[in-house]
$ cat input19.txt   # compact mmCIF, C-alpha atoms and all ligand atoms
# COMPACT_ATOMS: atom_id res chain seq x y z
CA MET I 158 15.72 -10.49 -2.22
CA ILE I 159 12.02 -10.40 -1.33
CA ARG I 160 10.28 -7.04 -1.54
CA VAL I 161 7.75 -6.02 1.08
CA SER I 162 5.33 -5.43 -1.81
CA ASP I 163 5.77 -9.15 -2.71
CA ILE I 164 4.63 -10.02 0.82
CA THR I 165 1.63 -7.68 0.44
CA ALA I 166 0.72 -9.27 -2.91
CA TYR I 167 1.08 -12.76 -1.39
CA LEU I 168 -1.24 -11.80 1.46
CA LYS I 169 -3.91 -10.68 -1.05
CA CYS I 170 -3.68 -14.02 -2.83
CA PRO I 171 -0.59 -16.30 -3.06
CA ARG I 172 -1.60 -17.35 -6.54
CA MET I 173 -1.89 -13.73 -7.68
CA TYR I 174 1.72 -13.32 -6.61
CA TYR I 175 2.63 -16.49 -8.53
CA PHE I 176 1.21 -15.02 -11.76
CA MET I 177 2.83 -11.63 -11.21
CA ASN I 178 6.16 -13.31 -10.56
CA SER I 179 5.91 -15.41 -13.70
CA GLY I 180 5.66 -12.27 -15.80
CA GLN I 181 1.89 -12.20 -16.36
CA GLU I 182 0.59 -8.67 -16.58
CA LEU I 183 -2.09 -7.69 -14.07
CA ILE I 184 -4.73 -5.78 -16.01
CA LYS I 185 -5.81 -2.75 -14.02
CA GLU I 186 -8.61 -0.81 -15.66
CA PRO I 187 -8.24 2.95 -15.09
CA THR I 188 -11.68 3.15 -13.44
CA VAL I 189 -12.91 6.13 -11.43
CA GLU I 190 -12.24 4.20 -8.21
CA TYR I 191 -8.69 3.28 -9.25
CA ILE I 192 -7.87 6.89 -10.17
CA GLN I 193 -9.38 8.12 -6.91
CA ARG I 194 -6.93 5.86 -5.09
CA LEU I 195 -4.00 7.34 -7.01
CA LEU I 196 -5.23 10.85 -6.20
CA LEU I 197 -5.70 10.06 -2.51
CA LYS I 198 -2.21 8.56 -2.30
CA GLU I 199 -0.71 11.75 -3.72
CA MET I 200 -2.92 13.98 -1.56
CA ALA I 201 -1.89 12.09 1.61
CA LEU I 202 1.74 12.98 0.99
CA ILE I 203 0.93 16.67 1.55
CA TYR I 204 -1.54 16.44 4.47
CA GLY I 205 1.18 17.78 6.79
CA THR I 206 1.91 20.74 4.49
CA ALA I 207 -1.83 21.46 4.19
CA LEU I 208 -2.12 21.66 7.99
CA ASN I 209 0.82 24.09 8.15
CA GLU I 210 -0.87 26.41 5.65
CA GLY I 211 -3.48 27.38 8.26
CA ASN I 212 -6.53 26.72 6.09
CA ALA I 213 -6.16 22.99 5.45
CA LEU I 214 -9.34 22.68 3.36
CA CYS I 215 -8.26 25.45 1.02
CA ALA I 216 -4.76 23.92 0.70
CA LEU I 217 -6.24 20.48 -0.08
CA ASN I 218 -8.48 21.96 -2.77
CA ASP I 219 -5.46 23.70 -4.33
CA GLU I 220 -3.49 20.46 -4.27
CA LEU I 221 -6.33 18.59 -5.92
CA ASP I 222 -6.46 21.25 -8.65
CA ARG I 223 -2.74 20.76 -9.22
CA LEU I 224 -3.09 16.97 -9.31
CA SER I 225 -5.99 17.08 -11.74
CA ASP I 226 -3.51 18.68 -14.18
CA GLU I 227 -0.42 16.67 -13.24
CA LEU I 228 -1.61 13.18 -12.27
CA ARG I 229 -1.06 11.95 -15.82
CA ILE I 230 2.58 13.02 -15.64
CA ILE I 231 3.15 11.08 -12.40
CA TYR I 232 1.22 7.97 -13.50
CA ARG I 233 1.87 8.08 -17.26
CA GLN I 234 1.68 4.34 -17.82
CA GLU I 235 -1.23 3.62 -15.45
CA LEU I 236 -3.38 6.39 -16.94
CA ALA I 237 -2.45 5.92 -20.60
CA GLU I 238 -5.93 4.55 -21.39
CA ALA I 239 -7.92 6.79 -19.01
CA SER I 240 -10.31 9.26 -20.61
CA ASP I 241 -10.59 12.87 -19.41
CA ASP I 242 -14.16 12.16 -18.27
CA VAL I 243 -13.07 9.33 -15.99
CA LEU I 244 -10.25 11.46 -14.60
CA ASN I 245 -12.60 14.41 -13.98
CA ASN I 246 -15.15 12.14 -12.25
CA ALA I 247 -12.40 10.81 -10.00
CA VAL I 248 -11.30 14.36 -9.11
CA SER I 249 -14.93 15.35 -8.31
CA GLY I 250 -15.32 12.28 -6.10
CA VAL I 251 -12.17 13.07 -4.12
CA ARG I 252 -13.25 16.73 -3.82
CA THR I 253 -16.34 15.62 -1.85
CA LEU I 254 -14.04 13.94 0.70
CA LEU I 255 -11.83 16.96 1.41
CA GLU I 256 -13.97 18.59 4.10
CA GLY I 257 -14.08 15.38 6.13
CA ILE I 258 -10.36 14.79 5.62
CA SER I 259 -9.38 18.32 6.68
CA SER I 260 -11.41 18.08 9.90
CA ASN I 261 -9.77 14.75 10.86
CA LEU I 262 -6.10 15.60 10.23
CA SER I 263 -3.98 15.15 13.36
CA SER I 264 -1.52 18.01 13.82
CA GLU I 265 0.48 15.84 16.26
CA HIS I 266 1.03 13.12 13.65
CA TYR I 267 1.52 15.33 10.62
CA SER I 268 3.97 17.71 12.31
CA ARG I 269 6.44 14.85 12.88
CA MET I 270 9.65 14.85 10.91
CA CYS I 271 9.65 12.22 8.19
CA GLU I 272 11.48 10.95 5.14
CA LEU I 273 9.28 10.06 2.16
CA GLU I 274 9.64 6.65 0.54
CA PRO I 275 13.17 5.78 1.76
CA ALA I 276 14.67 2.80 -0.11
CA LEU I 277 15.50 0.10 2.45
CA ARG I 278 17.36 -3.14 1.81
CA SER I 279 18.82 -5.75 4.13
CA GLU I 280 20.86 -8.71 2.87
CA LYS I 281 20.71 -10.24 6.34
CA CYS I 282 16.92 -10.55 6.51
CA GLY I 283 16.54 -10.88 2.72
CA LEU I 284 14.02 -8.04 2.49
CA ALA I 285 13.80 -4.77 0.58
CA GLY I 286 11.16 -2.07 0.16
CA SER I 287 10.09 1.53 0.70
CA PRO I 288 7.57 2.48 3.36
CA ASP I 289 5.57 5.57 2.37
CA LYS I 290 7.20 7.43 5.25
CA LEU I 291 9.87 6.86 7.86
CA ILE I 292 8.93 9.02 10.83
CA THR I 293 11.32 10.25 13.54
CA ILE I 294 9.82 10.64 17.01
CA GLY I 295 12.59 11.72 19.39
CA ASP I 296 15.25 9.03 19.02
CA GLU I 297 12.71 6.52 17.74
CA LEU I 298 12.02 5.52 14.11
CA ALA I 299 8.56 4.40 12.99
CA PRO I 300 7.45 3.38 9.46
CA ALA I 301 4.13 4.64 8.11
CA ILE I 302 2.05 3.38 5.18
CA ILE I 303 -0.71 5.19 3.30
CA LYS I 304 -3.86 3.22 2.50
CA THR I 305 -6.49 4.52 0.12
CA GLY I 306 -9.12 1.80 0.55
CA ALA I 307 -11.55 1.00 3.34
CA MET I 308 -10.72 1.65 6.98
CA PRO I 309 -11.76 -0.93 9.60
CA GLU I 310 -14.02 0.23 12.42
CA ASN I 311 -11.20 -0.29 14.92
CA GLY I 312 -7.48 -0.87 14.56
CA VAL I 313 -6.03 -1.75 11.16
CA TRP I 314 -6.42 -4.60 8.67
CA LYS I 315 -4.24 -7.65 9.29
CA SER I 316 -2.44 -7.21 5.96
CA ASP I 317 -1.61 -3.58 6.87
CA ARG I 318 -0.23 -4.75 10.22
CA LEU I 319 2.01 -7.35 8.53
CA GLN I 320 3.20 -4.88 5.93
CA LEU I 321 4.19 -2.45 8.69
CA THR I 322 5.91 -5.25 10.61
CA ALA I 323 7.98 -6.13 7.53
CA TYR I 324 9.09 -2.49 7.26
CA ALA I 325 9.82 -2.41 10.99
CA ILE I 326 12.14 -5.44 10.63
CA LEU I 327 13.93 -3.71 7.73
CA VAL I 328 14.35 -0.43 9.63
CA GLU I 329 15.74 -2.30 12.65
CA GLU I 330 18.32 -4.11 10.51
CA ILE I 331 19.46 -1.00 8.69
CA TYR I 332 19.48 1.48 11.56
CA ASN I 333 20.46 -1.02 14.28
CA THR I 334 17.51 0.01 16.41
CA VAL I 335 14.30 -1.37 17.89
CA VAL I 336 11.01 -0.40 16.26
CA THR I 337 8.07 -0.71 18.60
CA ARG I 338 5.36 0.95 16.51
CA GLY I 339 4.26 2.09 13.10
CA PHE I 340 1.35 4.00 11.59
CA VAL I 341 -1.32 3.38 8.99
CA GLU I 342 -2.68 6.54 7.38
CA TYR I 343 -6.15 5.98 5.94
CA ALA I 344 -6.06 8.70 3.30
CA ARG I 345 -9.76 8.68 2.43
CA TRP I 346 -10.61 9.84 5.96
CA GLY I 347 -7.42 11.67 6.94
CA LYS I 348 -7.23 9.35 9.96
CA VAL I 349 -4.14 7.72 11.40
CA ARG I 350 -4.01 4.49 13.40
CA GLU I 351 -1.01 3.48 15.49
CA VAL I 352 0.13 -0.14 15.41
CA THR I 353 2.25 -1.89 18.03
CA ILE I 354 4.77 -4.23 16.39
CA LYS I 355 4.20 -7.69 17.85
CA ARG I 356 6.41 -10.74 18.07
CA HIS I 357 3.97 -13.21 16.48
CA GLU I 358 3.62 -10.90 13.46
CA ARG I 359 7.40 -10.76 13.09
CA ARG I 360 7.31 -14.58 12.90
CA LYS I 361 4.50 -14.44 10.36
CA VAL I 362 6.42 -11.99 8.12
CA LEU I 363 9.45 -14.32 8.06
CA GLN I 364 7.17 -17.25 7.31
CA VAL I 365 5.50 -15.43 4.41
CA ARG I 366 8.93 -14.31 3.11
CA ASP I 367 9.97 -17.98 2.91
CA ARG I 368 6.73 -18.94 1.11
CA VAL I 369 7.27 -16.12 -1.38
CA ARG I 370 10.78 -17.52 -2.01
CA LYS I 371 9.26 -20.92 -2.81
CA ILE I 372 6.92 -19.31 -5.34
CA GLU I 373 9.91 -17.57 -6.92
CA GLU I 374 11.45 -21.02 -7.30
CA GLY I 375 8.40 -22.07 -9.34
CA PHE I 376 6.03 -23.53 -6.76
CA MET I 377 2.37 -22.83 -7.64
CA PRO I 378 0.26 -22.30 -4.51
CA GLU I 379 -3.27 -23.62 -4.08
CA LYS I 380 -6.19 -21.34 -4.90
CA PRO I 381 -7.30 -19.98 -1.49
CA VAL I 382 -11.00 -20.49 -0.63
CA ASP I 383 -11.38 -16.81 0.30
CA ALA I 384 -9.38 -15.42 -2.66
CA PRO I 385 -10.61 -12.04 -3.95
CA CYS I 386 -11.32 -13.48 -7.45
CA GLU I 387 -14.16 -11.06 -8.16
CA HIS I 388 -11.76 -8.12 -8.57
CA CYS I 389 -8.78 -10.04 -9.94
CA GLY I 390 -7.27 -9.47 -13.38
CA PHE I 391 -6.01 -13.10 -13.49
CA THR I 392 -9.42 -14.82 -13.33
CA GLY I 393 -9.13 -15.85 -16.98
CA ILE I 394 -5.86 -17.76 -16.65
CA CYS I 395 -6.25 -18.87 -13.04
CA ASP I 396 -8.85 -21.59 -13.68
CA VAL I 397 -6.93 -22.98 -16.65
CA LYS I 398 -3.67 -23.09 -14.69
CA SER I 399 -5.53 -24.61 -11.77
CA THR I 400 -6.68 -27.55 -13.91
CA LEU I 401 -3.16 -28.06 -15.27
CA ALA I 402 -1.59 -27.77 -11.84
CA SER I 403 -4.00 -30.29 -10.32
CA ARG I 404 -2.57 -32.92 -12.67
CA PHE I 405 0.83 -32.52 -11.11
CA PHE I 406 0.14 -31.79 -7.40
S1 LIG N 501 -8.44 -15.48 -9.78
FE1 LIG N 501 -8.64 -15.69 -7.54
S2 LIG N 501 -7.27 -17.38 -6.96
FE2 LIG N 501 -6.70 -16.73 -9.03
S3 LIG N 501 -5.08 -15.26 -8.73
FE3 LIG N 501 -6.97 -14.08 -8.82
S4 LIG N 501 -7.65 -13.87 -6.72
FE4 LIG N 501 -6.12 -15.48 -6.76
$ encode --input "input19.txt" --output "structure tokens" --more "lines below"
Ligand code: SF4
Amino acid sequence: MIRVSDITAYLKCPRMYYFMNSGQELIKEPTVEYIQRLLLKEMALIYGTALNEGNALCALNDELDRLSDELRIIYRQELAEASDDVLNNAVSGVRTLLEGISSNLSSEHYSRMCELEPALRSEKCGLAGSPDKLITIGDELAPAIIKTGAMPENGVWKSDRLQLTAYAILVEEIYNTVVTRGFVEYARWGKVREVTIKRHERRKVLQVRDRVRKIEEGFMPEKPVDAPCEHCGFTGICDVKSTLASRFF
């Protein structure tokens, strides 16, 4: 069974997925930026509640106060090595974003009924995963994902579009329905972008799923020319493995 997160990892770098699948641990330093992403992910889950409170900015500040105390409980393993200073800097950084976020929140989007992180699995399409939200709009279902990184000027990033398409395929199989759209929530801005699910991206998801299967069978993919090596925790072993692999392929 291929997880949608496997497809996302493959899209970042197929070789990164190869290392993760072969049991190598991806070293993620608990930097200020990394902790800010964790905070934003948690904050985004309550944007709808904050809007309902009337004073969204005040509610977001309260939530951030709560998270500054409780983030370590939620992310015990990820934050085991993080100092209080780094955590406090991350909280201060996110606090500066709250005014902008609160002014951008869409009451139409955030008032929709949704289920958080439903576990989806389909034997038929060989996929499993949990979108951040499964939204109900009338008799329609639409997956939504929360992104804490950069937001493109227009539309959404290609990898976000493919991730949503993979969830759409899963939802269709499980609920015997047709999913025509999904949403990407860019948490750092409080903005939401709607995505139309397209046929050629459905094909691409199935293609990537099959490539991921090959990697699980032991195939080592080539190092992509545009791989994000600068921020990768596997840089150290990747070059060595590359030399070894080139002897065989
Ligand atoms: S070092 Fe570069 S090519 Fe190797 S796994 Fe990381 S991102 Fe991919």
$ atom_distance --input "input19.txt" --atom1 "atom CA of Ile164 of chain I" --atom2 "atom CA of Lys281 of chain I"
17.0 Å
$ closest_residue --input "input19.txt" --among "I:Pro300, I:Asp222, I:Ile326, I:Gln364" --to "Arg338 of chain I" --atoms "only C-alpha atoms"
I:Pro300
$ closest_residue --input "input19.txt" --among "I:Glu256, I:Ala384, I:Gly250, I:Ile394" --to "ligand LIG 501 (chain N)" --atoms "only C-alpha atoms and all ligand atoms"
I:Ala384
$ closest_residue --input "input19.txt" --among "I:Asp226, I:Glu387, I:Glu274, I:Glu358" --to "ligand LIG 501 (chain N)" --atoms "all atoms listed in the file"
I:Glu387
$ residues_near_ligand --input "input19.txt" --ligand "ligand LIG 501 (chain N)" --cutoff "9 Å" --atoms "all atoms listed in the file" --output "PyMOL selection string"
chain I and resi 169-176+379-396+399
$ write_last_selection --input "input19.txt" --atoms "C-alpha atoms" --output "PDB file, in the frame of the given file"
ATOM      1  CA  LYS I 169      -3.910 -10.680  -1.050  1.00  0.00           C
ATOM      2  CA  CYS I 170      -3.680 -14.020  -2.830  1.00  0.00           C
ATOM      3  CA  PRO I 171      -0.590 -16.300  -3.060  1.00  0.00           C
ATOM      4  CA  ARG I 172      -1.600 -17.350  -6.540  1.00  0.00           C
ATOM      5  CA  MET I 173      -1.890 -13.730  -7.680  1.00  0.00           C
ATOM      6  CA  TYR I 174       1.720 -13.320  -6.610  1.00  0.00           C
ATOM      7  CA  TYR I 175       2.630 -16.490  -8.530  1.00  0.00           C
ATOM      8  CA  PHE I 176       1.210 -15.020 -11.760  1.00  0.00           C
ATOM      9  CA  GLU I 379      -3.270 -23.620  -4.080  1.00  0.00           C
ATOM     10  CA  LYS I 380      -6.190 -21.340  -4.900  1.00  0.00           C
ATOM     11  CA  PRO I 381      -7.300 -19.980  -1.490  1.00  0.00           C
ATOM     12  CA  VAL I 382     -11.000 -20.490  -0.630  1.00  0.00           C
ATOM     13  CA  ASP I 383     -11.380 -16.810   0.300  1.00  0.00           C
ATOM     14  CA  ALA I 384      -9.380 -15.420  -2.660  1.00  0.00           C
ATOM     15  CA  PRO I 385     -10.610 -12.040  -3.950  1.00  0.00           C
ATOM     16  CA  CYS I 386     -11.320 -13.480  -7.450  1.00  0.00           C
ATOM     17  CA  GLU I 387     -14.160 -11.060  -8.160  1.00  0.00           C
ATOM     18  CA  HIS I 388     -11.760  -8.120  -8.570  1.00  0.00           C
ATOM     19  CA  CYS I 389      -8.780 -10.040  -9.940  1.00  0.00           C
ATOM     20  CA  GLY I 390      -7.270  -9.470 -13.380  1.00  0.00           C
ATOM     21  CA  PHE I 391      -6.010 -13.100 -13.490  1.00  0.00           C
ATOM     22  CA  THR I 392      -9.420 -14.820 -13.330  1.00  0.00           C
ATOM     23  CA  GLY I 393      -9.130 -15.850 -16.980  1.00  0.00           C
ATOM     24  CA  ILE I 394      -5.860 -17.760 -16.650  1.00  0.00           C
ATOM     25  CA  CYS I 395      -6.250 -18.870 -13.040  1.00  0.00           C
ATOM     26  CA  ASP I 396      -8.850 -21.590 -13.680  1.00  0.00           C
ATOM     27  CA  SER I 399      -5.530 -24.610 -11.770  1.00  0.00           C
TER      28      SER I 399
END
$ closest_residue --input "input19.txt" --among "I:Ile354, I:Val369, I:Leu221, I:Leu277" --to "Glu330 of chain I" --atoms "all atoms listed in the file"
I:Leu277
$ closest_residue --input "input19.txt" --among "I:Ser263, I:Thr206, I:Thr293, I:Thr305" --to "Gly339 of chain I" --atoms "all atoms listed in the file"
I:Thr293
$ residues_near_point --input "input19.txt" --point "(4.0, -5.9, 15.9)" --cutoff "9 Å" --atoms "only C-alpha atoms" --output "PyMOL selection string"
chain I and resi 318-319+321-322+325+336-339+352-359
$ closest_residue --input "input19.txt" --among "I:Gln234, I:Asn209, I:Asn218, I:Asn246" --to "Glu265 of chain I" --atoms "all atoms listed in the file"
I:Asn209
$ closest_atom_pairs --input "input19.txt" --of "segment 319-369 of chain I" --to "segment 180-194 of chain I" --cutoff "12 Å" --atoms "all atoms listed in the file" --output "Markdown table"
| residue | atom | partner | partner_atom | distance |
| --- | --- | --- | --- | --- |
| I:Tyr343 | CA | I:Arg194 | CA | 11.1 |
| I:Ala344 | CA | I:Arg194 | CA | 8.9 |
| I:Arg345 | CA | I:Arg194 | CA | 8.5 |
$ atom_distance --input "input19.txt" --atom1 "atom CA of Pro378 of chain I" --atom2 "atom CA of Pro288 of chain I"
27.0 Å
$ atom_distance --input "input19.txt" --atom1 "atom CA of Ile231 of chain I" --atom2 "atom CA of Leu202 of chain I"
13.6 Å
$ residues_around --input "input19.txt" --residues "Glu227 of chain I" --least-positions-apart "4" --cutoff "12 Å" --atoms "only C-alpha atoms" --output "list in words"
Leu195, Leu196, Glu199, Glu220, Leu221, Asp222, Arg223, Ile231, Tyr232, Arg233, Leu236, Leu244 and Val248 of chain I
$ residues_around --input "input19.txt" --residues "Ala301 of chain I" --least-positions-apart "5" --cutoff "8 Å" --atoms "only C-alpha atoms" --output "ChimeraX atom specification"
/I:288-292,321,339-342
$ decode --input "input19.txt" --residues "segment 261-298 of chain I" --atoms "N, CA and C atoms" --output "PDB file, in the first residue's frame"
ATOM      1  N   ASN I 261      -6.982  37.846   6.664  1.00  0.00           N
ATOM      2  CA  ASN I 261      -7.182  37.108   5.402  1.00  0.00           C
ATOM      3  C   ASN I 261      -8.168  35.949   5.518  1.00  0.00           C
ATOM      4  N   LEU I 262      -8.512  35.539   6.745  1.00  0.00           N
ATOM      5  CA  LEU I 262      -9.306  34.312   6.899  1.00  0.00           C
ATOM      6  C   LEU I 262     -10.670  34.414   6.216  1.00  0.00           C
ATOM      7  N   SER I 263     -10.982  33.406   5.419  1.00  0.00           N
ATOM      8  CA  SER I 263     -12.252  33.403   4.667  1.00  0.00           C
ATOM      9  C   SER I 263     -13.339  32.741   5.506  1.00  0.00           C
ATOM     10  N   SER I 264     -14.381  33.522   5.848  1.00  0.00           N
ATOM     11  CA  SER I 264     -15.445  32.918   6.673  1.00  0.00           C
ATOM     12  C   SER I 264     -16.201  31.875   5.855  1.00  0.00           C
ATOM     13  N   GLU I 265     -16.277  32.052   4.530  1.00  0.00           N
ATOM     14  CA  GLU I 265     -16.979  31.061   3.696  1.00  0.00           C
ATOM     15  C   GLU I 265     -16.266  29.693   3.814  1.00  0.00           C
ATOM     16  N   HIS I 266     -14.946  29.719   3.640  1.00  0.00           N
ATOM     17  CA  HIS I 266     -14.204  28.453   3.680  1.00  0.00           C
ATOM     18  C   HIS I 266     -14.205  27.849   5.075  1.00  0.00           C
ATOM     19  N   TYR I 267     -13.917  28.668   6.073  1.00  0.00           N
ATOM     20  CA  TYR I 267     -13.719  28.103   7.409  1.00  0.00           C
ATOM     21  C   TYR I 267     -15.020  27.796   8.151  1.00  0.00           C
ATOM     22  N   SER I 268     -16.173  28.180   7.548  1.00  0.00           N
ATOM     23  CA  SER I 268     -17.428  27.800   8.215  1.00  0.00           C
ATOM     24  C   SER I 268     -17.928  26.449   7.682  1.00  0.00           C
ATOM     25  N   ARG I 269     -17.230  25.888   6.683  1.00  0.00           N
ATOM     26  CA  ARG I 269     -17.681  24.614   6.115  1.00  0.00           C
ATOM     27  C   ARG I 269     -17.455  23.463   7.097  1.00  0.00           C
ATOM     28  N   MET I 270     -18.360  22.502   7.020  1.00  0.00           N
ATOM     29  CA  MET I 270     -18.251  21.340   7.901  1.00  0.00           C
ATOM     30  C   MET I 270     -17.061  20.482   7.450  1.00  0.00           C
ATOM     31  N   CYS I 271     -16.253  20.027   8.392  1.00  0.00           N
ATOM     32  CA  CYS I 271     -15.140  19.192   7.950  1.00  0.00           C
ATOM     33  C   CYS I 271     -14.762  18.162   9.008  1.00  0.00           C
ATOM     34  N   GLU I 272     -14.125  17.106   8.524  1.00  0.00           N
ATOM     35  CA  GLU I 272     -13.576  16.088   9.417  1.00  0.00           C
ATOM     36  C   GLU I 272     -12.067  16.266   9.384  1.00  0.00           C
ATOM     37  N   LEU I 273     -11.422  16.288  10.552  1.00  0.00           N
ATOM     38  CA  LEU I 273      -9.971  16.474  10.595  1.00  0.00           C
ATOM     39  C   LEU I 273      -9.244  15.144  10.438  1.00  0.00           C
ATOM     40  N   GLU I 274      -8.252  15.150   9.583  1.00  0.00           N
ATOM     41  CA  GLU I 274      -7.350  14.016   9.369  1.00  0.00           C
ATOM     42  C   GLU I 274      -8.032  12.645   9.325  1.00  0.00           C
ATOM     43  N   PRO I 275      -9.032  12.460   8.436  1.00  0.00           N
ATOM     44  CA  PRO I 275      -9.661  11.129   8.352  1.00  0.00           C
ATOM     45  C   PRO I 275      -8.674  10.123   7.753  1.00  0.00           C
ATOM     46  N   ALA I 276      -8.662   8.912   8.286  1.00  0.00           N
ATOM     47  CA  ALA I 276      -7.750   7.876   7.758  1.00  0.00           C
ATOM     48  C   ALA I 276      -8.429   7.203   6.571  1.00  0.00           C
ATOM     49  N   LEU I 277      -7.821   7.301   5.388  1.00  0.00           N
ATOM     50  CA  LEU I 277      -8.418   6.754   4.169  1.00  0.00           C
ATOM     51  C   LEU I 277      -7.508   5.656   3.622  1.00  0.00           C
ATOM     52  N   ARG I 278      -8.135   4.608   3.094  1.00  0.00           N
ATOM     53  CA  ARG I 278      -7.355   3.489   2.569  1.00  0.00           C
ATOM     54  C   ARG I 278      -8.167   2.774   1.510  1.00  0.00           C
ATOM     55  N   SER I 279      -7.572   2.552   0.351  1.00  0.00           N
ATOM     56  CA  SER I 279      -8.277   1.824  -0.701  1.00  0.00           C
ATOM     57  C   SER I 279      -7.382   0.727  -1.261  1.00  0.00           C
ATOM     58  N   GLU I 280      -7.828  -0.526  -1.100  1.00  0.00           N
ATOM     59  CA  GLU I 280      -7.073  -1.664  -1.650  1.00  0.00           C
ATOM     60  C   GLU I 280      -7.076  -1.553  -3.169  1.00  0.00           C
ATOM     61  N   LYS I 281      -8.220  -1.129  -3.722  1.00  0.00           N
ATOM     62  CA  LYS I 281      -8.380  -1.115  -5.172  1.00  0.00           C
ATOM     63  C   LYS I 281      -7.349  -0.211  -5.854  1.00  0.00           C
ATOM     64  N   CYS I 282      -7.169   1.001  -5.318  1.00  0.00           N
ATOM     65  CA  CYS I 282      -6.191   1.881  -5.985  1.00  0.00           C
ATOM     66  C   CYS I 282      -4.824   1.822  -5.286  1.00  0.00           C
ATOM     67  N   GLY I 283      -4.698   0.992  -4.254  1.00  0.00           N
ATOM     68  CA  GLY I 283      -3.392   0.779  -3.618  1.00  0.00           C
ATOM     69  C   GLY I 283      -2.851   2.020  -2.929  1.00  0.00           C
ATOM     70  N   LEU I 284      -3.752   2.856  -2.430  1.00  0.00           N
ATOM     71  CA  LEU I 284      -3.319   4.106  -1.780  1.00  0.00           C
ATOM     72  C   LEU I 284      -3.912   4.218  -0.372  1.00  0.00           C
ATOM     73  N   ALA I 285      -3.194   4.921   0.491  1.00  0.00           N
ATOM     74  CA  ALA I 285      -3.702   5.210   1.835  1.00  0.00           C
ATOM     75  C   ALA I 285      -3.174   6.579   2.248  1.00  0.00           C
ATOM     76  N   GLY I 286      -3.864   7.208   3.203  1.00  0.00           N
ATOM     77  CA  GLY I 286      -3.371   8.508   3.688  1.00  0.00           C
ATOM     78  C   GLY I 286      -4.458   9.296   4.392  1.00  0.00           C
ATOM     79  N   SER I 287      -4.066  10.410   4.981  1.00  0.00           N
ATOM     80  CA  SER I 287      -5.008  11.268   5.712  1.00  0.00           C
ATOM     81  C   SER I 287      -4.863  12.709   5.251  1.00  0.00           C
ATOM     82  N   PRO I 288      -5.827  13.223   4.507  1.00  0.00           N
ATOM     83  CA  PRO I 288      -5.764  14.660   4.202  1.00  0.00           C
ATOM     84  C   PRO I 288      -5.934  15.435   5.515  1.00  0.00           C
ATOM     85  N   ASP I 289      -5.472  16.671   5.571  1.00  0.00           N
ATOM     86  CA  ASP I 289      -5.632  17.428   6.818  1.00  0.00           C
ATOM     87  C   ASP I 289      -7.109  17.624   7.148  1.00  0.00           C
ATOM     88  N   LYS I 290      -7.923  17.789   6.091  1.00  0.00           N
ATOM     89  CA  LYS I 290      -9.368  17.942   6.318  1.00  0.00           C
ATOM     90  C   LYS I 290     -10.129  17.281   5.175  1.00  0.00           C
ATOM     91  N   LEU I 291     -11.313  16.782   5.491  1.00  0.00           N
ATOM     92  CA  LEU I 291     -12.230  16.358   4.438  1.00  0.00           C
ATOM     93  C   LEU I 291     -13.476  17.230   4.611  1.00  0.00           C
ATOM     94  N   ILE I 292     -13.681  18.111   3.633  1.00  0.00           N
ATOM     95  CA  ILE I 292     -14.723  19.134   3.760  1.00  0.00           C
ATOM     96  C   ILE I 292     -15.994  18.679   3.042  1.00  0.00           C
ATOM     97  N   THR I 293     -17.140  18.963   3.665  1.00  0.00           N
ATOM     98  CA  THR I 293     -18.433  18.668   3.038  1.00  0.00           C
ATOM     99  C   THR I 293     -19.037  19.982   2.558  1.00  0.00           C
ATOM    100  N   ILE I 294     -19.335  20.029   1.257  1.00  0.00           N
ATOM    101  CA  ILE I 294     -19.994  21.221   0.695  1.00  0.00           C
ATOM    102  C   ILE I 294     -21.265  20.726   0.011  1.00  0.00           C
ATOM    103  N   GLY I 295     -22.406  20.865   0.663  1.00  0.00           N
ATOM    104  CA  GLY I 295     -23.646  20.272   0.146  1.00  0.00           C
ATOM    105  C   GLY I 295     -23.475  18.765   0.113  1.00  0.00           C
ATOM    106  N   ASP I 296     -23.693  18.157  -1.086  1.00  0.00           N
ATOM    107  CA  ASP I 296     -23.488  16.702  -1.152  1.00  0.00           C
ATOM    108  C   ASP I 296     -22.134  16.360  -1.767  1.00  0.00           C
ATOM    109  N   GLU I 297     -21.241  17.330  -1.735  1.00  0.00           N
ATOM    110  CA  GLU I 297     -19.922  17.152  -2.343  1.00  0.00           C
ATOM    111  C   GLU I 297     -18.857  17.004  -1.247  1.00  0.00           C
ATOM    112  N   LEU I 298     -17.843  16.168  -1.531  1.00  0.00           N
ATOM    113  CA  LEU I 298     -16.706  16.036  -0.602  1.00  0.00           C
ATOM    114  C   LEU I 298     -15.461  16.627  -1.261  1.00  0.00           C
TER     115      LEU I 298
END
